[in-house]
Amino acid sequence: MSDVANVVRRYVGFYNDNDIDGMLDCCAEDVEFETITNPSGSIKLKGKEEMREILEATTRAFRERRHEVVALIVDGQRVAAETVFSGVAAAELGQNVRPGEHVSIRGATIFEFRDSRLARICDYS
């Protein structure tokens with residue numbers, strides 16, 4: 001497996017362990033993080049501190065959560081990952097999800113690398 005694929009798998013492993021510091025250690029200082037959710041819009045962040053805030057909020061929003069990597073496609077310094085997110089809400093999430101409800105989302109994430117670190121992470125769901 002390529003080095004960039006290994007970093008993606010480490011990042012997802014840290015996510016599943018709720019290890020925010022581990023996730024951020026995989027990232028460049030100026031990492032760009034974007035979530036594109038149709039039809040409700042997107043979030044765009046820059047840098048580890050902004051990313052930490054959203055990661056901490058996500059950790060609090062779910063009492064259980066897990067990302068499963070279904071497939072990885074590596075193209076040089078880019079990796080496309082097909083994923084399945086599942087979790088149990090700890091808080092009300094929008095109009096449709098109540099605390100205690102199970103959430104399952106199939107999506108894809110594009111990772112871009114620079115100097116062996118994640119420079120851009122873009123989630124689509």
# chains A, B, ... in the order shown; residues from 1 in each chain; ligands from 1
call {"tool": "residues_around", "arguments": {"residues": "Thr37 in chain A", "least_positions_apart": "6", "cutoff": "10 Å", "atoms": "only C-alpha atoms", "output": "mmCIF file with C-alpha atoms, in the first residue's frame"}}
result
data_model
loop_
_atom_site.group_PDB
_atom_site.id
_atom_site.type_symbol
_atom_site.label_atom_id
_atom_site.label_comp_id
_atom_site.auth_asym_id
_atom_site.auth_seq_id
_atom_site.Cartn_x
_atom_site.Cartn_y
_atom_site.Cartn_z
ATOM 1 C CA ILE A 43 -18.422 24.157 5.401
ATOM 2 C CA GLY A 107 -19.951 9.339 0.985
ATOM 3 C CA ASP A 123 -15.916 15.276 2.202
ATOM 4 C CA TYR A 124 -18.919 14.715 -0.038
ATOM 5 C CA SER A 125 -22.188 13.308 1.288
#
call {"tool": "select_by_dssp", "arguments": {"residues": "range 17-117 of chain A", "states": "alpha helix (DSSP H)", "output": "PyMOL selection string"}}
result
chain A and resi 20-25+48-61
call {"tool": "write_last_selection", "arguments": {"atoms": "C-alpha atoms", "output": "mmCIF file, in the first residue's frame"}}
result
data_model
loop_
_atom_site.group_PDB
_atom_site.id
_atom_site.type_symbol
_atom_site.label_atom_id
_atom_site.label_comp_id
_atom_site.auth_asym_id
_atom_site.auth_seq_id
_atom_site.Cartn_x
_atom_site.Cartn_y
_atom_site.Cartn_z
ATOM 1 C CA ILE A 20 -8.320 14.462 17.473
ATOM 2 C CA ASP A 21 -4.617 15.101 18.131
ATOM 3 C CA GLY A 22 -3.745 12.006 16.087
ATOM 4 C CA MET A 23 -5.951 13.186 13.222
ATOM 5 C CA LEU A 24 -4.387 16.634 13.257
ATOM 6 C CA ASP A 25 -0.890 15.136 13.387
ATOM 7 C CA LYS A 48 -5.540 22.975 12.253
ATOM 8 C CA GLU A 49 -7.230 25.186 14.853
ATOM 9 C CA GLU A 50 -10.398 25.663 12.776
ATOM 10 C CA MET A 51 -10.378 21.972 11.968
ATOM 11 C CA ARG A 52 -9.980 21.081 15.661
ATOM 12 C CA GLU A 53 -13.150 23.031 16.478
ATOM 13 C CA ILE A 54 -15.280 21.088 13.988
ATOM 14 C CA LEU A 55 -13.739 17.750 15.010
ATOM 15 C CA GLU A 56 -14.511 18.439 18.678
ATOM 16 C CA ALA A 57 -18.085 19.441 17.796
ATOM 17 C CA THR A 58 -18.548 16.250 15.774
ATOM 18 C CA THR A 59 -17.219 14.154 18.644
ATOM 19 C CA ARG A 60 -19.791 15.718 20.982
ATOM 20 C CA ALA A 61 -22.632 15.321 18.464
#
call {"tool": "residues_around", "arguments": {"residues": "range 78-85 of chain A", "least_positions_apart": "3", "cutoff": "9 Å", "atoms": "only C-alpha atoms", "output": "number ranges by chain"}}
result
A: 4-5, 8, 65-75, 103-113
call {"tool": "write_last_selection", "arguments": {"atoms": "C-alpha atoms", "output": "PDB file, in the first residue's frame"}}
result
ATOM      1  CA  VAL A   4      -0.443   8.339   1.041  1.00  0.00           C
ATOM      2  CA  ALA A   5      -2.959   5.497   1.437  1.00  0.00           C
ATOM      3  CA  VAL A   8      -5.439   8.120   5.039  1.00  0.00           C
ATOM      4  CA  ARG A  65     -19.418   7.048  15.462  1.00  0.00           C
ATOM      5  CA  ARG A  66     -17.349   5.175  12.929  1.00  0.00           C
ATOM      6  CA  HIS A  67     -16.035   5.660   9.419  1.00  0.00           C
ATOM      7  CA  GLU A  68     -15.454   2.569   7.321  1.00  0.00           C
ATOM      8  CA  VAL A  69     -13.222   2.840   4.278  1.00  0.00           C
ATOM      9  CA  VAL A  70     -14.875   0.808   1.529  1.00  0.00           C
ATOM     10  CA  ALA A  71     -12.336   1.581  -1.219  1.00  0.00           C
ATOM     11  CA  LEU A  72      -9.290   3.762  -1.869  1.00  0.00           C
ATOM     12  CA  ILE A  73      -8.066   5.028  -5.236  1.00  0.00           C
ATOM     13  CA  VAL A  74      -4.581   6.539  -5.250  1.00  0.00           C
ATOM     14  CA  ASP A  75      -3.443   8.927  -7.978  1.00  0.00           C
ATOM     15  CA  VAL A 103     -27.297   7.765  11.301  1.00  0.00           C
ATOM     16  CA  SER A 104     -25.722   6.104   8.279  1.00  0.00           C
ATOM     17  CA  ILE A 105     -24.223   8.136   5.434  1.00  0.00           C
ATOM     18  CA  ARG A 106     -22.446   6.866   2.355  1.00  0.00           C
ATOM     19  CA  GLY A 107     -19.951   9.339   0.985  1.00  0.00           C
ATOM     20  CA  ALA A 108     -16.581  10.028  -0.541  1.00  0.00           C
ATOM     21  CA  THR A 109     -13.575  12.001   0.594  1.00  0.00           C
ATOM     22  CA  ILE A 110     -10.792  13.439  -1.533  1.00  0.00           C
ATOM     23  CA  PHE A 111      -7.445  13.777   0.248  1.00  0.00           C
ATOM     24  CA  GLU A 112      -4.574  15.814  -1.185  1.00  0.00           C
ATOM     25  CA  PHE A 113      -1.025  15.548   0.153  1.00  0.00           C
TER      26      PHE A 113
END
call {"tool": "closest_residue", "arguments": {"among": "A:Ala90, A:Val12, A:Asp3, A:Val97", "to": "Arg114 in chain A", "atoms": "only C-alpha atoms"}}
result
A:Asp3
call {"tool": "atom_distance", "arguments": {"atom1": "CA of Gly87 in chain A", "atom2": "CA of Arg63 in chain A"}}
result
7.4 Å
call {"tool": "atom_distance", "arguments": {"atom1": "CA of Gly100 in chain A", "atom2": "CA of Phe62 in chain A"}}
result
8.9 Å
call {"tool": "atom_distance", "arguments": {"atom1": "CA of Gly41 in chain A", "atom2": "CA of Gly94 in chain A"}}
result
13.0 Å
call {"tool": "closest_residue", "arguments": {"among": "A:Thr35, A:Gln95, A:Asn16, A:Ser2", "to": "Ile121 in chain A", "atoms": "only C-alpha atoms"}}
result
A:Thr35
call {"tool": "residues_around", "arguments": {"residues": "Tyr11 in chain A", "least_positions_apart": "4", "cutoff": "7 Å", "atoms": "only C-alpha atoms", "output": "PyMOL selection string"}}
result
chain A and resi 7+15+23+26
call {"tool": "write_last_selection", "arguments": {"atoms": "C-alpha atoms", "output": "tab-separated table (two decimals), in the first residue's frame"}}
result
chain	number	residue	atom	x	y	z
A	7	VAL	CA	-1.75	8.17	6.01
A	15	TYR	CA	-11.11	9.36	13.78
A	23	MET	CA	-5.95	13.19	13.22
A	26	CYS	CA	-1.64	13.68	9.92
